[in-house]
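Novice: My questions will all concern the structure given below.
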Amino acid sequence: MSGTPTVWLVARREIDERLRSRYIRIMTALSVALVVAVIVAPSLFHKPAKPATVALLGPSTQALAPALQHAASAAGVKVRVSDLASESVARAQIRDKSLDVALGVSDGQELAVVRQDLDPTLRAVLQAVVSEGHLRASLAAHGVSPAAVAQALTPAPLVVVTLQPSPPDQTAHALAAIVAGILLYMSILLYGQAVAQGVAQEKTSRTAEVLLAVVRPSRLLTGKVLGIGLVGFVQIGLTVAAGLIANAVVNRTEIPSTVWVLLPSVLLWFLLGFTLYAFACAAAGALVARQEEIGFVTMPISMFLVGTFLLTYVAVGTPDALWLTVLSFVPPMAPVLMPVRIALTHVPVWQVVLSAALTLAGAAVVAVTAARIYSLALVRGGAKLSWGQALRLSRS
Amino acid sequence: MSAGDGGGPVLRVAGLRHRFGERLAVDGVEFTVSGGEIVGLVGRNGAGKTTTMRVVMGILQPQEGEITWRGHPVEFADRLRFGYMPEERGLYPQMKILPQLVYFARLCGLDRAAAERRAVELLGRLDLAARAQDQTVALSHGNQQRVQLAVAMVHEPDLLVLDEPFAGLDPSVVDDLSSMLRAETERGRAILFSSHQLDLVERLCDRVVVLEHGRVLAAGSLDELRARLPRRLRVQVDAPAGWERGLAGVHARSGDDEGIVFDLDSGADAQAVLAAAQAAGPVEQFGYERGHLVDVYRELVRR
């Protein structure tokens with residue numbers, strides 16, 4: 001036989017059909033948007049504090065500028081010193097918000113002019129600086145050399161000893177885990193349903209009858225799963241790439257570095273999970289007598305997948321729990337729960353490899369059974385088959 | 001691979017049995033199809049026509065019996081040289097017609113260029129060239145049937161298996177498609193064809209296999225089958241009814257303005273009938289009637 005391999009011909013037709021579908025394009029846009037939003041959003045809401053602009057009025061106050069910078073950085077407050085001479089200009093600028101504080105001396109009295117209120121930390125910093133000014137003046141008056149004063153006033157670094165460290169912030173990890181879970185369960189479900197629908201359409205339109213005269217059922221099934229899987233893989237690939245680019249651009253320390261590992265592993269687990277679920281969905285699609293019955297026959301599969309995803313919400317609270325570790329090795333659950341664990345905690349490489357191997361083996365078992373059900377049910381007329389009937393049929 | 005096998009049988013179905021649960025749908029069916037001929041499978045619904053065709057096409061695995069193609073048990077690769085039009089039509093509803101034909105042709109092993117060339121040529125022959133880029137669902141029933149036939153023929157198969165190809169079509173479409181099938185056999189292709197429109201089978205088929213309850217009731221050329229019918233006479237006499245009473249071995253079947261039709265027992269004497277008619281009055285019409293397939297079928301089924 002000449003020409004292109006049958007499996008690839010079937011896969012190509014599936015790809016062409018999916019690419020024509022607006023639904024797939026919308027889903028791709030949405031999942032890209034979701035991942036980028038999750039990565040970019042925190043940096044939009046969590047803007048770094050703007051430095052407070054402080055004008056030091058009068059020569060004696062201006063001399064305090066180095067002290068102000070010192071004190072501010074020790075207190076973790078960002079301060080920018082503005083060199084302004086005139087108090088009236090300063091007041092005008094405070095009113096129009098281009099200046100925050102004007103510090104000056106009036107009638108021997110230190111004044112801090114602000115628009116509405118003074119941030120308490122900044123107030124403490126300014127107070128310390130003013131006190132330091134007084135101290136320097138007083139020491140100088142008593143004949144202490146400025147160098148000695150400067151040395152005395154240079155603060156010794158303060159070592160902080162934590163007796164009961166607060167746990168590291170898990171919010172970002174939890175968010176990453178949930179997004180990975182959503183992405184995987186949604187896309188496995190979406191593309192699994194696409195397989196079920198495609199099979200059901202070929203069965204109900206009797207196209208299967210024409211196809212099976214010239215294509216072996218196993219090749220028809222493999223081609224369909226391959227074609228739809230490739231479209232899914234490209235969609236997830238785009239999403240992952242968008243996520244990695246967004247992460248590189250934003251480059252925030254709040255985002256756990258696990259993102260670099262997590263996103264590619266989402267891609268890997270999509271492939272494994274899709275393979276396992278797609279064959280089951282194909283068998284489901286072959287059971288129907290009418291297109292409308294797809295939802296019903298795929299229900300056990302979708303429910304299982306949704307249930308697994310919901311465990312993610314429990315998992316984020318107990319990332320190292322034994323049950324989670326165990327379930328992340330169970331083939332139909334691993335494609336969602338293993339990436340969730342990767343997002344939440346440190347997972348040894350051997351565990352990922354073992355779980356992937358188990359999932360692949362599970363997929364092979366499902367594929368063999370599904371292929372039998374598929375080839376028997378596809379050209380069978382009459383009413384919808386139940387899963388029980390189908391399994392009995394596949395064993396006979 | 002040559003299409004022209006002229007003469008000898010290419011497809012042989014022997015001792016075919018197929019059971020669905022308790023029901024024996026096909027029970028020892030045997031027949032052959034030769035290159036260049038159209039063989040009609042006739043029989044009522046449930047007689048086993050579709051099951052036989054599905055086994056020939058490999059949709060159903062044979063449970064008992066053998067199907068050979070050019071002398072060897074039919075294999076998957078042989079079926080790529082078969083074309084199939086199932087009873088329940090099967091096309092991708094949303095797919096455009098030309099890509100659909102190209103797809104099926106390529107599944108049968110044609111490369112893209114050859115597949116496109118044949119698809120375009122076939123659409124032209126079927127008067128569908130203008131609809132090449134339309135979705136299948138957008139076509140009328142008759143045009144969908146044409147596309148279905150095109151799918152069966154696009155890879156220029158050596159054997160066409162057509163299950164009720166003309167069901168629900170208007171006569172002009174039937175005529176078009178019939179002459180196309182004839183043209184195919186002239187190129188040496190073999191066609192296995194099922195229908196319960198017996199007049200159509202009579203017009204189109206070289207040989208007929210009559211199925212009933214999964215068994216072959218009769219098989220042969222139309223002439224061979226007609227020979228099974230009793231001789232049939234039509235006599236028109238200008239005489240009062242009842243002149244034929246008392247004739248031995250003669251049974252009146254029907255009567256109308258054109259006279260009376262008689263079935264003759266094998267030993268009956270037609271000349272005696274003529275003599276009786278002449279005795280009754282002037283004979284306006286006297287002659288043997290050519291039997292139709294439908295009569296053969298009724299005769300067979302009645303037994």
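Residue numbers start at 1 in each chain; chains themselves are named A, B, ... in the order of the structure tokens; ligands are numbered from 1 in the order shown.
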Set the distance at 10 Å and use only C-alpha atoms: which residues neighbour segment 198-203 of chain A once local chain neighbours fewer than 2 positions away are removed? I'd like the list as a PyMOL selection string.
Specialist: (chain A and resi 14+17+192-196+205-211+220-221+224-225+228+281-294+374+377-381) or (chain B and resi 90-93)
Novice: Please write the residues from the selection above to a file, keeping C-alpha atoms, as a compact mmCIF listing (two decimals), in the first residue's frame.
Specialist:
```txt
# COMPACT_ATOMS: atom_id res chain seq x y z
CA GLU A 14 -9.02 15.50 13.27
CA GLU A 17 -11.56 19.74 12.07
CA GLY A 192 -11.39 13.87 26.21
CA GLN A 193 -14.92 15.07 25.45
CA ALA A 194 -13.77 16.03 21.96
CA VAL A 195 -12.66 12.43 21.43
CA ALA A 196 -15.97 11.09 22.75
CA SER A 205 -23.71 9.38 11.25
CA ARG A 206 -22.69 5.82 10.26
CA THR A 207 -19.46 7.19 8.87
CA ALA A 208 -17.81 4.52 11.01
CA GLU A 209 -19.30 1.86 8.78
CA VAL A 210 -17.62 3.34 5.69
CA LEU A 211 -14.38 3.95 7.59
CA LEU A 220 -8.88 4.78 13.46
CA LEU A 221 -8.89 5.07 17.25
CA LYS A 224 -8.26 10.17 16.43
CA VAL A 225 -6.59 10.26 19.84
CA ILE A 228 -6.99 15.60 19.06
CA CYS A 281 -13.71 8.61 26.31
CA ALA A 282 -13.45 6.96 22.89
CA ALA A 283 -15.01 3.80 24.31
CA ALA A 284 -17.72 5.96 25.89
CA GLY A 285 -18.44 7.68 22.58
CA ALA A 286 -18.87 4.31 20.88
CA LEU A 287 -21.60 3.33 23.35
CA VAL A 288 -24.15 5.94 22.35
CA ALA A 289 -27.04 5.55 19.98
CA ARG A 290 -27.67 9.28 19.76
CA GLN A 291 -25.28 12.23 19.98
CA GLU A 292 -27.20 13.63 22.98
CA GLU A 293 -26.22 10.66 25.14
CA ILE A 294 -22.54 11.63 25.26
CA TYR A 374 -14.75 0.70 20.55
CA ALA A 377 -19.72 -1.04 19.77
CA LEU A 378 -18.96 1.26 16.84
CA VAL A 379 -20.82 -0.75 14.19
CA ARG A 380 -23.49 -2.06 16.52
CA GLY A 381 -26.94 -0.74 15.86
CA GLY B 90 -22.28 7.49 6.37
CA LEU B 91 -20.59 10.78 5.60
CA TYR B 92 -19.08 13.47 7.79
CA PRO B 93 -21.95 15.97 7.84
```
Novice: Residues near Tyr84 of chain B, anyone? I mean within 6 Å using only C-alpha atoms, not counting same-chain ones fewer than 6 positions away, as JSON, numbers by chain.
Specialist: {"B": [152, 160, 161, 162]}
Novice: Could you list, as an MDAnalysis selection string, every residue within 12 Å of segment 96-111 of chain A, counting only C-alpha atoms and ignoring same-chain residues fewer than 3 positions away?
Specialist: chainID A and resid 50:65 68 79:93 114:119 122:123 125:127 129:131 133:134
Novice: Quick check for you: according to DSSP on this backbone, which residues of segment 20-248 of chain B are classed as strand (DSSP E or B)? Reply as a ChimeraX atom specification.
Specialist: /B:20,23-34,38-42,64-69,72-73,82-85,96,135,159-163,190-194,207-212,215-221,231-237
Novice: Run DSSP on the backbone and give me the residues of segment 19-160 of chain B it puts in alpha helix (DSSP H), as a PyMOL selection string.
Specialist: chain B and resi 49-56+76-79+97-107+112-125+141-153
Novice: Mind dumping the selected residues with N, CA and C atoms as a tab-separated table (two decimals), in the first residue's frame?
Specialist:
```
chain	number	residue	atom	x	y	z
B	49	LYS	N	-29.57	-9.69	3.62
B	49	LYS	CA	-28.78	-9.00	2.60
B	49	LYS	C	-27.68	-8.14	3.23
B	50	THR	N	-28.11	-7.27	4.17
B	50	THR	CA	-27.16	-6.33	4.76
B	50	THR	C	-26.08	-7.06	5.55
B	51	THR	N	-26.48	-8.08	6.32
B	51	THR	CA	-25.48	-8.82	7.10
B	51	THR	C	-24.46	-9.46	6.17
B	52	THR	N	-24.93	-10.04	5.08
B	52	THR	CA	-24.01	-10.66	4.12
B	52	THR	C	-23.01	-9.63	3.60
B	53	MET	N	-23.52	-8.45	3.24
B	53	MET	CA	-22.64	-7.42	2.70
B	53	MET	C	-21.65	-6.91	3.75
B	54	ARG	N	-22.13	-6.81	4.98
B	54	ARG	CA	-21.23	-6.32	6.03
B	54	ARG	C	-20.12	-7.33	6.32
B	55	VAL	N	-20.44	-8.60	6.20
B	55	VAL	CA	-19.38	-9.59	6.39
B	55	VAL	C	-18.40	-9.53	5.23
B	56	VAL	N	-18.92	-9.37	4.01
B	56	VAL	CA	-18.03	-9.25	2.85
B	56	VAL	C	-17.08	-8.07	3.04
B	76	PHE	N	-7.37	-7.93	4.63
B	76	PHE	CA	-7.63	-6.49	4.81
B	76	PHE	C	-7.20	-5.70	3.57
B	77	ALA	N	-6.03	-6.02	3.05
B	77	ALA	CA	-5.50	-5.26	1.90
B	77	ALA	C	-6.41	-5.40	0.68
B	78	ASP	N	-7.06	-6.57	0.53
B	78	ASP	CA	-7.99	-6.74	-0.60
B	78	ASP	C	-9.14	-5.75	-0.49
B	79	ARG	N	-9.57	-5.51	0.73
B	79	ARG	CA	-10.75	-4.65	0.92
B	79	ARG	C	-10.47	-3.20	0.55
B	97	ILE	N	-17.40	18.43	0.52
B	97	ILE	CA	-17.49	17.21	-0.29
B	97	ILE	C	-16.16	16.80	-0.90
B	98	LEU	N	-15.47	17.75	-1.51
B	98	LEU	CA	-14.21	17.37	-2.16
B	98	LEU	C	-13.19	16.83	-1.15
B	99	PRO	N	-12.94	17.56	-0.04
B	99	PRO	CA	-12.00	17.02	0.95
B	99	PRO	C	-12.44	15.65	1.47
B	100	GLN	N	-13.75	15.46	1.59
B	100	GLN	CA	-14.25	14.19	2.08
B	100	GLN	C	-13.90	13.05	1.12
B	101	LEU	N	-14.12	13.29	-0.17
B	101	LEU	CA	-13.78	12.27	-1.16
B	101	LEU	C	-12.28	12.00	-1.17
B	102	VAL	N	-11.50	13.08	-1.08
B	102	VAL	CA	-10.04	12.93	-1.10
B	102	VAL	C	-9.60	12.12	0.11
B	103	TYR	N	-10.22	12.41	1.27
B	103	TYR	CA	-9.88	11.70	2.49
B	103	TYR	C	-10.11	10.19	2.34
B	104	PHE	N	-11.31	9.82	1.87
B	104	PHE	CA	-11.60	8.40	1.74
B	104	PHE	C	-10.70	7.74	0.70
B	105	ALA	N	-10.41	8.46	-0.38
B	105	ALA	CA	-9.53	7.90	-1.40
B	105	ALA	C	-8.14	7.65	-0.82
B	106	ARG	N	-7.67	8.58	0.00
B	106	ARG	CA	-6.33	8.42	0.58
B	106	ARG	C	-6.30	7.30	1.61
B	107	LEU	N	-7.41	7.13	2.33
B	107	LEU	CA	-7.46	5.99	3.27
B	107	LEU	C	-7.32	4.67	2.51
B	112	ARG	N	-2.04	11.96	-2.53
B	112	ARG	CA	-2.89	13.14	-2.55
B	112	ARG	C	-3.28	13.55	-3.97
B	113	ALA	N	-2.29	13.60	-4.84
B	113	ALA	CA	-2.55	14.09	-6.20
B	113	ALA	C	-3.56	13.19	-6.91
B	114	ALA	N	-3.35	11.88	-6.83
B	114	ALA	CA	-4.26	10.95	-7.50
B	114	ALA	C	-5.65	11.04	-6.89
B	115	ALA	N	-5.70	11.16	-5.56
B	115	ALA	CA	-6.98	11.23	-4.87
B	115	ALA	C	-7.75	12.47	-5.33
B	116	GLU	N	-7.04	13.59	-5.42
B	116	GLU	CA	-7.72	14.83	-5.83
B	116	GLU	C	-8.19	14.73	-7.28
B	117	ARG	N	-7.33	14.16	-8.11
B	117	ARG	CA	-7.69	14.06	-9.52
B	117	ARG	C	-8.96	13.22	-9.68
B	118	ARG	N	-8.99	12.07	-9.01
B	118	ARG	CA	-10.15	11.18	-9.17
B	118	ARG	C	-11.40	11.78	-8.55
B	119	ALA	N	-11.22	12.46	-7.42
B	119	ALA	CA	-12.39	13.05	-6.76
B	119	ALA	C	-13.01	14.11	-7.66
B	120	VAL	N	-12.17	14.96	-8.24
B	120	VAL	CA	-12.69	16.02	-9.11
B	120	VAL	C	-13.38	15.41	-10.33
B	121	GLU	N	-12.74	14.40	-10.89
B	121	GLU	CA	-13.30	13.77	-12.08
B	121	GLU	C	-14.66	13.13	-11.78
B	122	LEU	N	-14.72	12.46	-10.63
B	122	LEU	CA	-15.95	11.77	-10.25
B	122	LEU	C	-17.08	12.77	-9.96
B	123	LEU	N	-16.74	13.87	-9.30
B	123	LEU	CA	-17.76	14.88	-9.02
B	123	LEU	C	-18.31	15.43	-10.33
B	124	GLY	N	-17.44	15.57	-11.32
B	124	GLY	CA	-17.89	16.02	-12.64
B	124	GLY	C	-18.87	15.02	-13.24
B	125	ARG	N	-18.51	13.73	-13.16
B	125	ARG	CA	-19.39	12.71	-13.74
B	125	ARG	C	-20.72	12.65	-13.01
B	141	HIS	N	-31.15	15.11	-0.43
B	141	HIS	CA	-31.03	13.67	-0.20
B	141	HIS	C	-30.40	12.98	-1.41
B	142	GLY	N	-30.91	13.33	-2.60
B	142	GLY	CA	-30.42	12.70	-3.82
B	142	GLY	C	-28.94	12.96	-4.04
B	143	ASN	N	-28.53	14.22	-3.77
B	143	ASN	CA	-27.12	14.55	-3.96
B	143	ASN	C	-26.23	13.89	-2.92
B	144	GLN	N	-26.77	13.74	-1.70
B	144	GLN	CA	-25.99	13.03	-0.68
B	144	GLN	C	-25.76	11.57	-1.10
B	145	GLN	N	-26.79	10.99	-1.74
B	145	GLN	CA	-26.64	9.62	-2.23
B	145	GLN	C	-25.56	9.56	-3.29
B	146	ARG	N	-25.53	10.57	-4.16
B	146	ARG	CA	-24.50	10.59	-5.20
B	146	ARG	C	-23.12	10.67	-4.56
B	147	VAL	N	-23.00	11.53	-3.52
B	147	VAL	CA	-21.70	11.66	-2.86
B	147	VAL	C	-21.31	10.33	-2.21
B	148	GLN	N	-22.32	9.67	-1.62
B	148	GLN	CA	-22.03	8.39	-0.99
B	148	GLN	C	-21.53	7.37	-2.01
B	149	LEU	N	-22.14	7.40	-3.17
B	149	LEU	CA	-21.70	6.51	-4.24
B	149	LEU	C	-20.29	6.90	-4.69
B	150	ALA	N	-20.06	8.22	-4.73
B	150	ALA	CA	-18.72	8.69	-5.13
B	150	ALA	C	-17.67	8.20	-4.14
B	151	VAL	N	-18.01	8.22	-2.84
B	151	VAL	CA	-17.06	7.73	-1.82
B	151	VAL	C	-16.74	6.26	-2.09
B	152	ALA	N	-17.77	5.50	-2.48
B	152	ALA	CA	-17.55	4.08	-2.74
B	152	ALA	C	-16.69	3.86	-3.99
B	153	MET	N	-16.72	4.83	-4.92
B	153	MET	CA	-16.07	4.61	-6.21
B	153	MET	C	-14.77	5.37	-6.40
```
Novice: I need the contact residues of chain B against chain A, so if you could list those with any atom within 6 Å, counting only C-alpha atoms, and return them as a PyMOL selection string, that would help.
Specialist: chain B and resi 57+59+80+90-91+109-111
Novice: Write the residues of the selection above to a file with C-alpha atoms, as an mmCIF file, in the first residue's frame.
Specialist:
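What landed in out07.cif:
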```cif
data_model
loop_
_atom_site.group_PDB
_atom_site.id
_atom_site.type_symbol
_atom_site.label_atom_id
_atom_site.label_comp_id
_atom_site.auth_asym_id
_atom_site.auth_seq_id
_atom_site.Cartn_x
_atom_site.Cartn_y
_atom_site.Cartn_z
ATOM 1 C CA MET B 57 -16.787 -5.774 3.771
ATOM 2 C CA ILE B 59 -17.450 -4.763 9.172
ATOM 3 C CA LEU B 80 -8.864 -1.484 0.045
ATOM 4 C CA GLY B 90 -22.276 7.488 6.374
ATOM 5 C CA LEU B 91 -20.591 10.779 5.595
ATOM 6 C CA GLY B 109 -4.001 4.131 -0.329
ATOM 7 C CA LEU B 110 -4.070 6.776 -3.056
ATOM 8 C CA ASP B 111 -1.579 9.621 -2.841
#
```
